[in-house]
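Inspection log for the structure reproduced underneath, given as structure tokens.
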Amino acid sequence: RFAATERALRDKRAGEVARAWPLLAASLGETFRTLFTAWATARPPRGALCDGWDFARGLAAEGRLPEAAERELAARDVRSRYDGHREPAPRRLPAMRRVADGWLVGLPGFGVCLVGRPSGVLRRHTG
């Protein structure tokens with residue numbers, strides 16, 4: 001019974017993170033639940049947003065974060081401050097993160113824009 005309950009809670013946690021971080025889950029595909037469960041086994045739950053953020057940062061540090069998930073992480077990073085300990089908080093100042101095709105720029109009150117290469121076109125980012 002204990003093992004079944006533990007497995008159900010891990011699956012629920014992975015599902016909540018997949019809903020909070022759809023590009024991360026989709027870009028990892030079939031391996032998402034396996035990778036996330038292995039990562040989460042030794043860590044207490046901190047909520048879907050924080051768990052996904054920490055998981056994505058861990059994959060990025062290992063060079064294993066897919067491009068779509070990298071963009072999703074960058075968009076979260078320019079919108080909010082998150083240090084891995086306290087709850088995320090909206091940024092009060094502009095922030096930028098490099099992505100494969102340019103820079104994501106977070107402007108408080110205006111959202112996130114992609115400044116792309118090579119034309120330097122400014123596009124609103126929704127991810």
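Here, A, B, ... name the chains of the structure tokens in the order displayed, residue numbers run from 1 inside each chain, and ligands are numbered from 1 in the same displayed order.
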Residues within 9 Å of Arg92 of chain A, only C-alpha atoms, excluding chain neighbours under 4 positions, as an mmCIF file with N, CA and C atoms, in the first residue's frame:
```
data_model
loop_
_atom_site.group_PDB
_atom_site.id
_atom_site.type_symbol
_atom_site.label_atom_id
_atom_site.label_comp_id
_atom_site.auth_asym_id
_atom_site.auth_seq_id
_atom_site.Cartn_x
_atom_site.Cartn_y
_atom_site.Cartn_z
ATOM 1 N N SER A 80 10.093 36.996 -13.543
ATOM 2 C CA SER A 80 10.092 36.873 -12.087
ATOM 3 C C SER A 80 11.491 36.608 -11.544
ATOM 4 N N LEU A 107 9.965 43.328 -19.646
ATOM 5 C CA LEU A 107 9.732 44.719 -19.280
ATOM 6 C C LEU A 107 8.533 44.758 -18.342
ATOM 7 N N PRO A 108 8.742 45.071 -17.067
ATOM 8 C CA PRO A 108 7.618 45.088 -16.126
ATOM 9 C C PRO A 108 6.466 45.951 -16.645
ATOM 10 N N GLY A 109 5.288 45.392 -16.613
ATOM 11 C CA GLY A 109 4.110 46.102 -17.097
ATOM 12 C C GLY A 109 3.848 45.911 -18.584
#
```
Any idea what the distance is between atom CA of Val115 of chain A and atom CA of Asp101 of chain A?
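Separation of atom CA of Val115 of chain A and atom CA of Asp101 of chain A: 8.3 Å.
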Exercise: Gly58 of chain A partners within 12 Å, only C-alpha atoms, chain neighbours under 5 positions left out, as a ChimeraX atom specification
/A:35-36,39-40,51-53,63-65,70,73,84
Only all heavy atoms, please: the residues just picked out, written as a short mmCIF file (atom, residue, chain, number, x, y, z; two decimals), in the first residue's frame.
```cif
data_model
loop_
_atom_site.label_atom_id
_atom_site.label_comp_id
_atom_site.auth_asym_id
_atom_site.auth_seq_id
_atom_site.Cartn_x
_atom_site.Cartn_y
_atom_site.Cartn_z
N LEU A 35 12.50 11.33 -15.76
CA LEU A 35 13.53 12.27 -15.32
C LEU A 35 13.07 13.08 -14.11
O LEU A 35 13.81 13.25 -13.14
CB LEU A 35 13.92 13.22 -16.45
CG LEU A 35 14.70 12.63 -17.60
CD1 LEU A 35 14.83 13.64 -18.73
CD2 LEU A 35 16.07 12.17 -17.13
N PHE A 36 11.83 13.58 -14.17
CA PHE A 36 11.33 14.39 -13.07
C PHE A 36 11.21 13.56 -11.79
O PHE A 36 11.61 14.01 -10.71
CB PHE A 36 9.99 15.05 -13.40
CG PHE A 36 9.48 15.86 -12.24
CD1 PHE A 36 10.01 17.10 -11.98
CD2 PHE A 36 8.52 15.34 -11.38
CE1 PHE A 36 9.59 17.85 -10.88
CE2 PHE A 36 8.09 16.07 -10.28
CZ PHE A 36 8.62 17.33 -10.04
N TRP A 39 14.55 13.04 -10.26
CA TRP A 39 15.01 14.29 -9.67
C TRP A 39 14.28 14.59 -8.36
O TRP A 39 14.87 15.00 -7.37
CB TRP A 39 14.82 15.43 -10.67
CG TRP A 39 15.16 16.77 -10.14
CD1 TRP A 39 16.37 17.38 -10.14
CD2 TRP A 39 14.26 17.70 -9.51
NE1 TRP A 39 16.29 18.62 -9.55
CE2 TRP A 39 15.00 18.83 -9.15
CE3 TRP A 39 12.90 17.67 -9.21
CZ2 TRP A 39 14.43 19.93 -8.51
CZ3 TRP A 39 12.34 18.75 -8.57
CH2 TRP A 39 13.11 19.87 -8.23
N ALA A 40 12.97 14.38 -8.37
CA ALA A 40 12.13 14.78 -7.24
C ALA A 40 12.18 13.82 -6.06
O ALA A 40 11.80 14.20 -4.95
CB ALA A 40 10.68 14.93 -7.71
N ASP A 51 9.03 23.62 -8.22
CA ASP A 51 9.60 22.32 -8.58
C ASP A 51 10.03 22.31 -10.04
O ASP A 51 11.13 21.86 -10.37
CB ASP A 51 8.59 21.19 -8.35
CG ASP A 51 8.46 20.79 -6.90
OD1 ASP A 51 9.29 21.22 -6.07
OD2 ASP A 51 7.52 20.03 -6.58
N GLY A 52 9.18 22.82 -10.93
CA GLY A 52 9.53 22.87 -12.35
C GLY A 52 10.71 23.78 -12.61
O GLY A 52 11.59 23.47 -13.43
N TRP A 53 10.75 24.89 -11.94
CA TRP A 53 11.84 25.86 -12.10
C TRP A 53 13.17 25.22 -11.69
O TRP A 53 14.16 25.29 -12.42
CB TRP A 53 11.58 27.08 -11.24
CG TRP A 53 12.01 28.39 -11.81
CD1 TRP A 53 13.20 28.67 -12.46
CD2 TRP A 53 11.28 29.61 -11.81
NE1 TRP A 53 13.23 29.99 -12.82
CE2 TRP A 53 12.06 30.59 -12.42
CE3 TRP A 53 10.04 29.97 -11.31
CZ2 TRP A 53 11.65 31.91 -12.57
CZ3 TRP A 53 9.63 31.27 -11.46
CH2 TRP A 53 10.42 32.23 -12.09
N GLY A 63 23.35 20.72 -19.22
CA GLY A 63 23.33 20.81 -20.68
C GLY A 63 22.31 19.90 -21.33
O GLY A 63 22.44 19.55 -22.50
N ARG A 64 21.26 19.54 -20.58
CA ARG A 64 20.26 18.59 -21.09
C ARG A 64 18.88 19.21 -21.27
O ARG A 64 17.90 18.50 -21.44
CB ARG A 64 20.15 17.41 -20.13
CG ARG A 64 21.43 16.63 -20.01
CD ARG A 64 21.40 15.54 -18.97
NE ARG A 64 20.07 15.00 -18.73
CZ ARG A 64 19.79 14.18 -17.74
NH1 ARG A 64 20.72 13.82 -16.90
NH2 ARG A 64 18.58 13.72 -17.57
N LEU A 65 18.79 20.53 -21.26
CA LEU A 65 17.49 21.20 -21.39
C LEU A 65 17.20 21.45 -22.87
O LEU A 65 17.95 22.15 -23.54
CB LEU A 65 17.51 22.52 -20.61
CG LEU A 65 16.18 23.23 -20.44
CD1 LEU A 65 15.21 22.37 -19.62
CD2 LEU A 65 16.39 24.57 -19.76
N GLU A 70 14.17 25.60 -22.70
CA GLU A 70 15.12 26.67 -22.40
C GLU A 70 14.45 28.03 -22.57
O GLU A 70 14.63 28.94 -21.76
CB GLU A 70 16.33 26.56 -23.32
CG GLU A 70 17.43 27.52 -23.02
CD GLU A 70 18.62 27.31 -23.93
OE1 GLU A 70 18.89 26.18 -24.35
OE2 GLU A 70 19.28 28.32 -24.25
N LEU A 73 12.00 28.54 -19.67
CA LEU A 73 12.75 28.91 -18.46
C LEU A 73 13.22 30.36 -18.55
O LEU A 73 13.08 31.13 -17.59
CB LEU A 73 13.94 27.97 -18.27
CG LEU A 73 14.88 28.29 -17.11
CD1 LEU A 73 14.14 28.26 -15.78
CD2 LEU A 73 16.05 27.31 -17.11
N GLY A 84 15.54 30.02 -5.82
CA GLY A 84 15.57 28.63 -5.43
C GLY A 84 15.19 28.40 -3.97
O GLY A 84 15.11 27.26 -3.54
#
```
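In terms of minimum interatomic distance to Glu16 of chain A, A:Arg33 ranks closest within A:Arg98, A:His85, A:Arg33, A:Arg57, counting only C-alpha atoms.
Minimum distance to Leu28 of chain A across A:Glu87, A:Arg10, A:Glu67, A:Met96 (counting only C-alpha atoms) occurs at A:Glu67.
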Can you list every residue in chain A that DSSP puts in helix (DSSP H, G or I), as JSON, numbers by chain?
{"A": [2, 3, 4, 5, 6, 7, 8, 9, 10, 11, 12, 13, 14, 15, 16, 17, 18, 19, 20, 22, 23, 24, 25, 26, 27, 28, 31, 32, 33, 34, 35, 36, 37, 38, 39, 40, 48, 49, 50, 51, 52, 53, 54, 55, 56, 57, 58, 59, 60, 61, 67, 68, 69, 70, 71, 72, 73, 74, 75, 76, 77, 78, 79]}
Please provide as a list in words all residues within 12 Å of Arg79 of chain A, with the sequence filter that same-chain residues fewer than 3 positions apart are discarded (counting only C-alpha atoms).
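Non-adjacent residues within range: Glu72, Leu73, Ala74, Ala75, Arg76, Tyr82, Pro88, Ala89, Pro90, Arg91, Arg92, Leu93, Pro94, Ala95, Met96, Arg97, Leu104, Val105, Gly106, Leu107, Pro108, Gly109, Phe110, Gly111, Val112, Cys113, His125, Thr126 and Gly127 of chain A.
When DSSP is run on the backbone, the residues of chain A that fall into strand (DSSP E or B) are Ser80, Arg81, Ala89, Pro90, Ala95, Met96, Arg97, Arg98, Val99, Gly102, Trp103, Leu104, Val105, Gly106, Leu107, Gly111, Val112, Cys113, Leu114, Val115, Gly116, Leu122, Arg123 and Arg124 of chain A.
From atom CA of Lys12 of chain A back to atom CA of Gly47 of chain A, the distance works out to 11.5 Å.
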One decimal place gives the atom CA of Arg43 of chain A-atom CA of Ser27 of chain A separation as 22.7 Å
Please provide as a ChimeraX atom specification all residues within 12 Å of Gly29 of chain A, with the sequence filter that same-chain residues fewer than 4 positions apart are discarded (counting only C-alpha atoms).
/A:18,22-25,33-36,66,68-69
Please produce a file of those selected residues containing N, CA and C atoms, as a compact mmCIF listing (two decimals), in the first residue's frame.
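Generated output (selection.txt):
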```txt
# COMPACT_ATOMS: atom_id res chain seq x y z
N ALA A 18 4.00 19.31 -15.02
CA ALA A 18 3.76 19.31 -16.47
C ALA A 18 2.73 20.37 -16.86
N PRO A 22 4.40 23.53 -19.43
CA PRO A 22 4.00 22.69 -20.57
C PRO A 22 5.10 22.48 -21.61
N LEU A 23 5.92 23.48 -21.88
CA LEU A 23 6.98 23.30 -22.88
C LEU A 23 8.08 22.38 -22.36
N LEU A 24 8.37 22.46 -21.09
CA LEU A 24 9.35 21.57 -20.48
C LEU A 24 8.88 20.12 -20.62
N ALA A 25 7.64 19.86 -20.23
CA ALA A 25 7.11 18.50 -20.31
C ALA A 25 7.02 18.02 -21.75
N ARG A 33 8.41 12.25 -17.23
CA ARG A 33 8.02 11.68 -15.93
C ARG A 33 9.17 10.92 -15.29
N THR A 34 9.91 10.17 -16.07
CA THR A 34 11.03 9.40 -15.52
C THR A 34 12.11 10.33 -14.98
N LEU A 35 12.50 11.33 -15.76
CA LEU A 35 13.53 12.27 -15.32
C LEU A 35 13.07 13.08 -14.11
N PHE A 36 11.83 13.58 -14.17
CA PHE A 36 11.33 14.39 -13.07
C PHE A 36 11.21 13.56 -11.79
N PRO A 66 16.09 20.89 -23.40
CA PRO A 66 15.74 21.13 -24.80
C PRO A 66 15.47 22.61 -25.07
N ALA A 68 13.05 24.35 -26.53
CA ALA A 68 11.73 24.91 -26.17
C ALA A 68 11.63 25.13 -24.67
N ALA A 69 12.15 24.20 -23.89
CA ALA A 69 12.13 24.34 -22.43
C ALA A 69 13.08 25.44 -21.99
```
